[in-house]
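What's in input.csv: CSV, C-alpha atoms and all ligand atoms
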```csv
chain,number,residue,atom,x,y,z
A,1,MET,CA,0.0,0.0,0.0
A,2,ILE,CA,3.0,2.3,0.3
A,3,PRO,CA,3.6,3.5,-3.3
A,4,ASP,CA,6.6,2.6,-5.4
A,5,ARG,CA,9.3,5.2,-4.7
A,6,LYS,CA,10.8,4.8,-8.2
A,7,ALA,CA,7.5,5.9,-9.8
A,8,PHE,CA,8.0,9.3,-8.1
A,9,GLN,CA,11.6,9.9,-9.1
A,10,GLN,CA,11.8,12.3,-12.1
A,11,SER,CA,13.8,15.3,-13.1
A,12,ILE,CA,11.5,18.3,-13.7
A,13,SER,CA,13.3,21.4,-15.1
A,14,GLY,CA,16.5,20.1,-13.6
A,15,ARG,CA,15.0,19.5,-10.2
A,16,GLN,CA,14.7,16.0,-8.7
A,17,THR,CA,11.4,14.7,-7.4
A,18,ASP,CA,11.1,11.8,-4.9
A,19,LEU,CA,8.8,10.1,-2.5
A,20,PHE,CA,9.4,10.4,1.3
A,21,ILE,CA,7.9,8.0,3.9
A,22,LEU,CA,7.0,9.1,7.4
A,23,LYS,CA,6.1,6.7,10.2
A,24,ASN,CA,5.2,7.2,13.8
A,25,SER,CA,5.4,4.7,16.7
A,26,LYS,CA,1.7,3.8,16.4
A,27,ASN,CA,1.9,2.3,12.9
A,28,MET,CA,0.6,5.4,11.1
A,29,GLN,CA,2.4,6.1,7.8
A,30,ALA,CA,2.4,8.9,5.3
A,31,ALA,CA,3.9,9.1,1.8
A,32,ILE,CA,4.7,12.6,0.5
A,33,THR,CA,6.3,13.7,-2.8
A,34,ASN,CA,8.2,17.0,-3.1
A,35,TYR,CA,6.3,17.6,-6.4
A,36,GLY,CA,3.7,20.0,-5.1
A,37,GLY,CA,4.3,18.8,-1.6
A,38,ARG,CA,1.6,16.2,-2.3
A,39,LEU,CA,0.3,13.9,0.4
A,40,VAL,CA,0.3,10.7,-1.7
A,41,SER,CA,-1.0,8.2,0.9
A,42,LEU,CA,-2.0,8.3,4.5
A,43,LEU,CA,-2.3,4.9,6.2
A,44,VAL,CA,-4.2,4.9,9.5
A,45,PRO,CA,-5.4,1.9,11.6
A,46,ASP,CA,-9.1,1.1,11.5
A,47,LYS,CA,-11.2,-0.4,14.4
A,48,ASN,CA,-9.6,-3.8,13.7
A,49,THR,CA,-6.0,-2.3,13.5
A,50,GLN,CA,-5.9,-2.9,9.8
A,51,LEU,CA,-4.2,-0.1,7.9
A,52,VAL,CA,-6.5,2.0,5.6
A,53,ASP,CA,-5.4,4.6,3.1
A,54,VAL,CA,-7.7,7.5,3.7
A,55,VAL,CA,-6.6,9.8,0.8
A,56,THR,CA,-7.1,9.7,-2.9
A,57,GLY,CA,-4.1,9.9,-5.3
A,58,TYR,CA,-2.2,8.2,-8.0
A,59,ASP,CA,0.4,5.4,-8.2
A,60,SER,CA,3.0,7.6,-10.0
A,61,LEU,CA,4.1,11.1,-10.4
A,62,ASP,CA,2.6,11.2,-13.9
A,63,GLY,CA,-0.9,11.2,-12.4
A,64,TYR,CA,-0.1,14.3,-10.4
A,65,GLN,CA,1.1,16.1,-13.5
A,66,GLN,CA,-2.1,15.6,-15.5
A,67,LYS,CA,-4.0,18.7,-16.4
A,68,ASP,CA,-7.3,17.6,-15.0
A,69,ASP,CA,-5.9,16.4,-11.6
A,70,PRO,CA,-8.1,18.1,-8.9
A,71,TYR,CA,-5.0,19.0,-6.8
A,72,PHE,CA,-4.9,15.7,-5.0
A,73,GLY,CA,-3.0,16.1,-1.7
A,74,ALA,CA,-1.3,19.3,-2.8
A,75,ILE,CA,0.1,22.3,-1.0
A,76,ILE,CA,-1.9,25.2,-2.5
A,77,GLY,CA,-0.5,28.7,-2.9
A,78,ARG,CA,0.4,31.5,-3.2
A,79,TYR,CA,-3.3,32.1,-2.8
A,80,GLY,CA,-5.6,29.1,-2.1
A,81,ASN,CA,-9.3,29.4,-3.3
A,82,ARG,CA,-10.7,32.1,-5.7
A,83,ILE,CA,-9.8,35.7,-6.5
A,84,ALA,CA,-12.6,37.4,-8.4
A,85,ASN,CA,-11.7,38.2,-12.0
A,86,GLY,CA,-8.0,37.4,-11.1
A,87,GLN,CA,-7.5,40.9,-9.9
A,88,PHE,CA,-6.6,42.6,-6.7
A,89,ARG,CA,-5.1,45.9,-5.5
A,90,LEU,CA,-2.4,46.2,-2.9
A,91,ASP,CA,-0.8,49.4,-1.8
A,92,GLY,CA,-2.5,51.3,-4.7
A,93,LYS,CA,-1.2,48.9,-7.4
A,94,GLU,CA,-3.4,46.6,-9.4
A,95,TYR,CA,-2.2,43.0,-9.9
A,96,HIS,CA,-3.5,40.5,-12.5
A,97,LEU,CA,-3.5,36.7,-12.1
A,98,GLU,CA,-4.1,33.9,-14.5
A,99,ILE,CA,-7.9,33.3,-15.0
A,100,ASN,CA,-8.1,29.5,-14.6
A,101,ASN,CA,-11.6,28.9,-13.2
A,102,GLY,CA,-14.5,30.4,-15.0
A,103,PRO,CA,-13.9,34.2,-14.8
A,104,ASN,CA,-11.7,33.8,-11.7
A,105,ALA,CA,-8.2,32.9,-10.5
A,106,LEU,CA,-8.0,29.6,-8.5
A,107,HIS,CA,-5.4,28.0,-6.3
A,108,GLY,CA,-2.4,30.1,-7.3
A,109,GLY,CA,-2.7,29.6,-11.1
A,110,SER,CA,-1.6,26.6,-13.2
A,111,GLY,CA,2.0,27.1,-12.1
A,112,GLY,CA,0.9,27.4,-8.4
A,113,PHE,CA,2.7,25.6,-5.5
A,114,HIS,CA,0.9,22.4,-6.3
A,115,ALA,CA,2.9,22.1,-9.5
A,116,ARG,CA,6.3,23.1,-8.3
A,117,VAL,CA,9.2,20.9,-7.2
A,118,TRP,CA,10.0,21.8,-3.6
A,119,ASP,CA,13.4,21.2,-1.8
A,120,ALA,CA,13.0,18.4,0.7
A,121,ARG,CA,14.8,17.5,3.8
A,122,GLN,CA,13.7,14.5,5.9
A,123,LEU,CA,14.8,15.3,9.4
A,124,ASP,CA,13.9,12.0,10.9
A,125,GLU,CA,11.3,9.1,10.5
A,126,GLN,CA,8.5,11.5,11.5
A,127,THR,CA,9.4,14.8,10.0
A,128,LEU,CA,9.7,16.2,6.4
A,129,GLU,CA,10.6,19.8,5.7
A,130,LEU,CA,9.8,21.3,2.3
A,131,TYR,CA,11.0,24.6,1.0
A,132,TYR,CA,10.0,26.6,-2.0
A,133,PHE,CA,11.2,30.0,-3.2
A,134,SER,CA,8.5,31.8,-5.2
A,135,LYS,CA,10.0,34.7,-7.2
A,136,ASP,CA,8.7,38.2,-7.3
A,137,GLY,CA,6.1,38.2,-10.2
A,138,GLU,CA,5.7,34.5,-10.3
A,139,GLU,CA,2.1,33.7,-11.4
A,140,GLY,CA,1.4,37.5,-11.1
A,141,TYR,CA,2.0,37.8,-7.3
A,142,PRO,CA,4.3,40.5,-5.9
A,143,GLY,CA,7.3,39.8,-3.7
A,144,ASN,CA,10.0,37.2,-3.4
A,145,LEU,CA,8.4,34.7,-1.1
A,146,GLN,CA,10.3,32.0,1.0
A,147,VAL,CA,7.9,29.2,2.0
A,148,LYS,CA,8.6,26.4,4.4
A,149,VAL,CA,6.1,23.6,5.0
A,150,VAL,CA,6.8,20.9,7.6
A,151,TYR,CA,4.8,17.6,7.6
A,152,SER,CA,5.1,15.6,10.8
A,153,LEU,CA,3.5,12.4,12.0
A,154,THR,CA,3.0,12.8,15.7
A,155,ASP,CA,2.7,10.0,18.2
A,156,ASP,CA,-0.9,10.9,19.0
A,157,GLN,CA,-1.8,9.9,15.5
A,158,GLY,CA,-1.7,13.4,14.0
A,159,LEU,CA,-0.6,14.5,10.6
A,160,LYS,CA,0.6,18.0,11.5
A,161,ILE,CA,1.3,20.6,8.8
A,162,ASP,CA,3.2,23.7,9.7
A,163,TYR,CA,3.4,26.5,7.2
A,164,GLN,CA,5.7,29.5,7.3
A,165,ALA,CA,6.5,32.2,4.9
A,166,ALA,CA,8.3,35.6,4.6
A,167,THR,CA,8.4,38.1,1.8
A,168,ASP,CA,10.7,41.0,0.7
A,169,LYS,CA,7.7,43.1,-0.5
A,170,ALA,CA,4.0,43.2,0.5
A,171,THR,CA,2.1,40.3,-1.0
A,172,ILE,CA,-1.1,38.2,-0.4
A,173,ILE,CA,-1.0,34.7,0.9
A,174,ASN,CA,-3.4,31.9,1.7
A,175,LEU,CA,-1.8,28.5,2.0
A,176,THR,CA,-3.6,25.2,2.5
A,177,ASN,CA,-3.4,21.5,1.8
A,178,HIS,CA,-5.8,19.9,-0.7
A,179,ALA,CA,-6.0,16.3,0.6
A,180,TYR,CA,-9.2,14.4,-0.4
A,181,PHE,CA,-10.3,12.1,2.4
A,182,ASN,CA,-12.5,9.0,2.3
A,183,LEU,CA,-12.6,7.5,5.8
A,184,ASP,CA,-14.0,4.2,4.4
A,185,GLY,CA,-10.7,4.0,2.4
A,186,GLU,CA,-9.9,5.7,-0.8
A,187,GLY,CA,-11.8,4.3,-3.8
A,188,LYS,CA,-14.5,2.8,-1.6
A,189,GLY,CA,-17.5,4.6,-2.9
A,190,THR,CA,-18.9,7.9,-1.9
A,191,ILE,CA,-18.5,9.8,1.3
A,192,LEU,CA,-22.2,10.7,1.6
A,193,GLY,CA,-22.8,8.4,4.5
A,194,GLN,CA,-19.8,9.6,6.5
A,195,TYR,CA,-20.5,11.9,9.4
A,196,LEU,CA,-19.2,15.4,9.8
A,197,GLN,CA,-19.4,17.9,12.6
A,198,LEU,CA,-18.0,21.5,12.1
A,199,ASN,CA,-17.6,24.1,14.8
A,200,ALA,CA,-19.0,26.9,12.6
A,201,ASP,CA,-21.9,29.2,13.4
A,202,LYS,CA,-21.4,31.0,10.0
A,203,PHE,CA,-20.4,30.3,6.5
A,204,VAL,CA,-19.4,32.4,3.4
A,205,PRO,CA,-22.2,32.4,0.9
A,206,ILE,CA,-21.2,32.5,-2.7
A,207,ASP,CA,-22.5,33.5,-6.2
A,208,GLU,CA,-22.8,31.1,-9.1
A,209,ASN,CA,-19.1,31.6,-9.9
A,210,SER,CA,-18.2,30.7,-6.3
A,211,ILE,CA,-17.2,34.3,-5.3
A,212,PRO,CA,-18.3,35.5,-1.8
A,213,LEU,CA,-21.4,37.6,-1.7
A,214,GLY,CA,-19.5,39.8,0.8
A,215,PHE,CA,-21.3,38.9,4.0
A,216,LEU,CA,-21.5,35.9,6.3
A,217,GLU,CA,-24.6,33.8,6.8
A,218,GLU,CA,-25.7,31.9,9.9
A,219,THR,CA,-25.5,28.1,9.4
A,220,ALA,CA,-28.4,27.5,11.9
A,221,GLY,CA,-31.6,26.3,10.1
A,222,THR,CA,-29.8,25.6,6.8
A,223,PRO,CA,-28.2,22.5,5.3
A,224,PHE,CA,-24.9,24.2,6.3
A,225,ASP,CA,-25.5,23.6,10.0
A,226,PHE,CA,-23.0,20.9,11.0
A,227,LYS,CA,-22.8,21.8,14.7
A,228,GLU,CA,-24.2,18.3,15.4
A,229,ALA,CA,-22.6,15.4,13.6
A,230,MET,CA,-24.6,14.8,10.3
A,231,PRO,CA,-24.1,12.4,7.4
A,232,ILE,CA,-22.5,14.5,4.7
A,233,GLY,CA,-25.1,13.5,2.1
A,234,LYS,CA,-28.2,14.0,4.3
A,235,ARG,CA,-29.1,17.5,3.0
A,236,ILE,CA,-26.8,17.8,0.0
A,237,ASN,CA,-29.6,17.5,-2.6
A,238,GLU,CA,-32.0,19.9,-0.8
A,239,ASP,CA,-33.5,22.8,-2.8
A,240,ASN,CA,-31.1,25.4,-1.6
A,241,GLN,CA,-29.6,28.2,-3.7
A,242,GLN,CA,-26.2,27.9,-2.0
A,243,LEU,CA,-26.0,24.2,-2.6
A,244,LYS,CA,-26.9,24.9,-6.2
A,245,ASN,CA,-24.2,27.6,-6.5
A,246,GLY,CA,-21.6,25.1,-5.1
A,247,ASN,CA,-22.9,22.1,-6.9
A,248,GLY,CA,-23.0,20.6,-3.4
A,249,TYR,CA,-20.9,21.7,-0.5
A,250,ASP,CA,-18.0,23.9,-1.7
A,251,HIS,CA,-18.0,26.7,0.9
A,252,THR,CA,-15.9,28.3,3.5
A,253,PHE,CA,-17.1,27.7,7.0
A,254,VAL,CA,-16.2,30.4,9.5
A,255,LEU,CA,-14.6,28.6,12.5
A,256,ASN,CA,-15.8,29.6,16.0
A,257,HIS,CA,-12.4,29.4,17.8
A,258,PRO,CA,-10.5,32.6,18.5
A,259,PRO,CA,-8.2,33.8,15.6
A,260,LYS,CA,-4.6,32.5,15.5
A,261,THR,CA,-5.1,29.9,18.2
A,262,LEU,CA,-5.2,26.2,17.5
A,263,GLY,CA,-8.8,25.2,17.7
A,264,LEU,CA,-11.0,22.3,16.8
A,265,CYS,CA,-12.4,22.8,13.3
A,266,GLY,CA,-14.4,19.6,13.2
A,267,ILE,CA,-14.6,15.9,13.3
A,268,ALA,CA,-15.4,13.4,10.5
A,269,LYS,CA,-16.2,9.7,11.1
A,270,SER,CA,-16.8,6.5,9.2
A,271,SER,CA,-19.0,3.8,10.8
A,272,GLU,CA,-17.6,1.3,8.3
A,273,THR,CA,-14.0,1.5,9.4
A,274,GLY,CA,-14.6,3.2,12.8
A,275,ILE,CA,-12.0,5.8,11.7
A,276,VAL,CA,-12.4,9.3,13.3
A,277,MET,CA,-10.6,12.3,12.0
A,278,GLU,CA,-10.4,15.5,14.1
A,279,VAL,CA,-9.2,18.6,12.3
A,280,LEU,CA,-7.4,21.3,14.3
A,281,THR,CA,-6.2,24.6,12.9
A,282,THR,CA,-5.0,28.1,13.6
A,283,GLU,CA,-6.9,29.3,10.4
A,284,PRO,CA,-10.1,31.3,10.6
A,285,GLY,CA,-11.9,29.1,8.0
A,286,VAL,CA,-12.2,25.8,6.3
A,287,GLN,CA,-13.3,25.1,2.8
A,288,PHE,CA,-15.6,22.0,3.0
A,289,TYR,CA,-15.7,20.5,-0.5
A,290,THR,CA,-17.6,17.4,-1.3
A,291,GLY,CA,-15.6,16.5,-4.5
A,292,ASN,CA,-18.4,17.8,-6.7
A,293,PHE,CA,-16.2,18.0,-9.8
A,294,VAL,CA,-14.1,14.9,-9.2
A,295,ASP,CA,-13.9,12.6,-12.2
A,296,VAL,CA,-10.6,10.7,-12.3
A,297,ASN,CA,-10.3,7.7,-14.5
A,298,GLU,CA,-7.2,6.1,-13.1
A,299,GLY,CA,-6.3,6.7,-9.5
A,300,LYS,CA,-4.4,4.4,-7.1
A,301,GLY,CA,-4.5,0.8,-8.2
A,302,GLY,CA,-6.2,1.8,-11.4
A,303,LYS,CA,-9.4,2.7,-9.5
A,304,ALA,CA,-11.7,5.5,-10.8
A,305,TYR,CA,-12.7,8.3,-8.5
A,306,HIS,CA,-16.1,9.8,-9.2
A,307,GLN,CA,-18.1,12.7,-7.9
A,308,ARG,CA,-18.4,12.7,-4.1
A,309,SER,CA,-15.9,9.9,-3.7
A,310,ALA,CA,-13.9,12.0,-1.2
A,311,PHE,CA,-14.2,15.3,0.8
A,312,CYS,CA,-11.7,18.1,1.5
A,313,LEU,CA,-11.4,20.1,4.7
A,314,GLU,CA,-9.0,22.8,3.4
A,315,THR,CA,-8.2,25.0,6.4
A,316,GLN,CA,-7.6,28.6,5.1
A,317,HIS,CA,-8.6,32.3,5.1
A,318,PHE,CA,-11.7,33.2,3.2
A,319,PRO,CA,-12.0,33.3,-0.6
A,320,ASP,CA,-11.3,36.5,-2.4
A,321,SER,CA,-10.1,38.2,0.8
A,322,PRO,CA,-8.0,40.8,-1.1
A,323,ASN,CA,-11.2,42.2,-2.6
A,324,GLN,CA,-13.4,41.8,0.5
A,325,PRO,CA,-12.6,44.5,3.1
A,326,SER,CA,-14.7,42.9,5.8
A,327,PHE,CA,-12.8,39.6,5.7
A,328,PRO,CA,-9.7,38.8,7.8
A,329,ASP,CA,-6.6,40.3,6.0
A,330,THR,CA,-4.4,38.1,3.9
A,331,THR,CA,-1.7,40.6,3.3
A,332,LEU,CA,1.8,39.6,4.2
A,333,ARG,CA,4.3,42.5,4.6
A,334,LYS,CA,8.0,42.7,4.5
A,335,ASP,CA,9.5,41.7,7.9
A,336,GLU,CA,6.4,39.8,8.9
A,337,THR,CA,6.3,36.0,9.2
A,338,TYR,CA,3.3,34.1,8.0
A,339,SER,CA,2.6,31.0,10.1
A,340,SER,CA,-0.2,28.6,10.2
A,341,THR,CA,-0.7,25.1,11.6
A,342,THR,CA,-3.3,22.4,10.8
A,343,ILE,CA,-3.5,18.9,12.4
A,344,TYR,CA,-5.5,15.9,11.0
A,345,ARG,CA,-5.7,13.6,14.0
A,346,PHE,CA,-7.0,10.0,13.8
A,347,SER,CA,-8.5,7.6,16.3
A,348,THR,CA,-11.2,4.9,16.1
A,349,ILE,CA,-14.6,4.2,17.6
B,401,LIG,C1,-11.6,23.3,-4.2
B,401,LIG,C2,-12.5,24.3,-4.7
B,401,LIG,C3,-13.5,23.6,-5.7
B,401,LIG,C4,-12.6,22.9,-6.8
B,401,LIG,C5,-11.5,22.1,-6.2
B,401,LIG,C6,-10.5,21.6,-7.2
B,401,LIG,O1,-10.7,23.9,-3.3
B,401,LIG,O2,-13.3,24.9,-3.7
B,401,LIG,O3,-14.4,24.5,-6.3
B,401,LIG,O4,-12.1,23.9,-7.6
B,401,LIG,O5,-10.8,22.9,-5.3
B,401,LIG,O6,-11.1,20.8,-8.2
```

If you took the structure in this file and wrote it as structure tokens, what would it be?
Amino acid sequence: MIPDRKAFQQSISGRQTDLFILKNSKNMQAAITNYGGRLVSLLVPDKNTQLVDVVTGYDSLDGYQQKDDPYFGAIIGRYGNRIANGQFRLDGKEYHLEINNGPNALHGGSGGFHARVWDARQLDEQTLELYYFSKDGEEGYPGNLQVKVVYSLTDDQGLKIDYQAATDKATIINLTNHAYFNLDGEGKGTILGQYLQLNADKFVPIDENSIPLGFLEETAGTPFDFKEAMPIGKRINEDNQQLKNGNGYDHTFVLNHPPKTLGLCGIAKSSETGIVMEVLTTEPGVQFYTGNFVDVNEGKGGKAYHQRSAFCLETQHFPDSPNQPSFPDTTLRKDETYSSTTIYRFSTI
């Protein structure tokens, strides 16, 4: 179940890609490639102590380089999620990004961090450091940006992701990881019967191009209320304009915990495997995405992944923040350090 390392070794623009294996003392294992910092597999014990791979992906690097890959397992940057019309102003200057999603910019552009070869340093069995230098003007963003992402497998069954960045000129930043989870095991049908609880009293409503309407909406009394654990699919087909706009759930939930502290974002569960995943983050929001556009013919082991065969909990700032004055600021200035932590922690019931 651990992928073949050789299938991940390539030279891309003179830079070497590889596959790195992390293990903790409790039999949890993760495979990560430095191509896009992608989490390729995540093996966690189920209720019978059998290892289950809970993330979708491909058997070789070629899969991750396909044009229609939905960012499986990737580090997303420089700005995760959408920026309306690919435009923003910063310190009086207008910047233009690649339009790669309807009329908008998505996930840092086609040459975003998900498609770059990172420098990798495996510190020990449990820790992998990744570094990327994003040049001033790359994909249209201002400022030379140094990024460091550390993946660690903790002994309390956590996959911890620490992000840090610094710039030499003001820029915008919103980093996340785009792992697609299926707690029944990747490739094992849809996630509609899996339970989710989210600590979010509000969410970010969007228009038909997935751009925020500019205000927050209460989740209470709507299909977006996940304060009590609910099967993901229970209300997904309700007659609701927001579900229509997202083609299902594809929205940022505003997390209740105080800003910049590590708080519990939510908990997902599978009654098949008994696997429970808690998500903790320092970010103010989480994009809950039910894989509405997933259509991959050949994933791991040759399996196809269809719509709703996995879900994402992408911890992050809110979409289009540079154009939304009421949202938490995503500007990073010279001499400031960006830092953010997310933990996906596993147990069984
Ligand atoms: C999500 C986004 C979705 C879709 C997906 C990639 O983060 O919210 O709308 O674009 O990435 O396929």

**OP:** Pick out the residues no farther than 10 Å from ligand LIG 401 (chain B), counting all atoms listed in the file, and list them as a ChimeraX atom specification.
**Re:** /A:68-72,76,80-82,100-101,106-107,176-180,209-210,246-252,286-295,311-314,319

Subject >> Polymer residues at most 6 Å from segment 222-234 of chain A, only C-alpha atoms, same-chain spacing of 5 or more positions, as a PyMOL selection string >> reply: chain A and resi 192-199

Okay, now the selection with C-alpha atoms, as a JSON list (two decimals), in the frame of the given file?
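Listed below is the output, out09.json:
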```
[["chain", "number", "residue", "atom", "x", "y", "z"],
["A", 192, "LEU", "CA", -22.20, 10.70, 1.60],
["A", 193, "GLY", "CA", -22.80, 8.40, 4.50],
["A", 194, "GLN", "CA", -19.80, 9.60, 6.50],
["A", 195, "TYR", "CA", -20.50, 11.90, 9.40],
["A", 196, "LEU", "CA", -19.20, 15.40, 9.80],
["A", 197, "GLN", "CA", -19.40, 17.90, 12.60],
["A", 198, "LEU", "CA", -18.00, 21.50, 12.10],
["A", 199, "ASN", "CA", -17.60, 24.10, 14.80]]
```

Original post:
Suppose you want the space between atom CA of Lys47 of chain A and atom CA of Glu272 of chain A; what is it in Å?
Top reply: 9.0 Å

Original post:
In file coordinates, which residues lie within 6 Å of (9.1, 10.7, 10.3) using all atoms listed in the file, given as a ChimeraX atom specification?
Top reply: /A:22-23,124-127

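Comparing A:Pro284, A:Gly263, A:Gly92, A:Pro3 by their smallest distance to Tyr58 of chain A, the closest is A:Pro3 (using all atoms listed in the file).
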
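Closest approach to Ala170 of chain A among A:Ala7, A:Leu332, A:Leu183, A:Ala105 is made by A:Leu332 (distances from all atoms listed in the file).
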
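Here atom CA of Gly187 of chain A is placed at a distance of 18.5 Å from atom CA of Leu61 of chain A.
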
**OP:** Can you work out which one of A:Asn323, A:Gln65, A:Thr341, A:Ser271 has the shortest atom-to-atom distance to His114 of chain A, counting all atoms listed in the file?
**Re:** A:Gln65
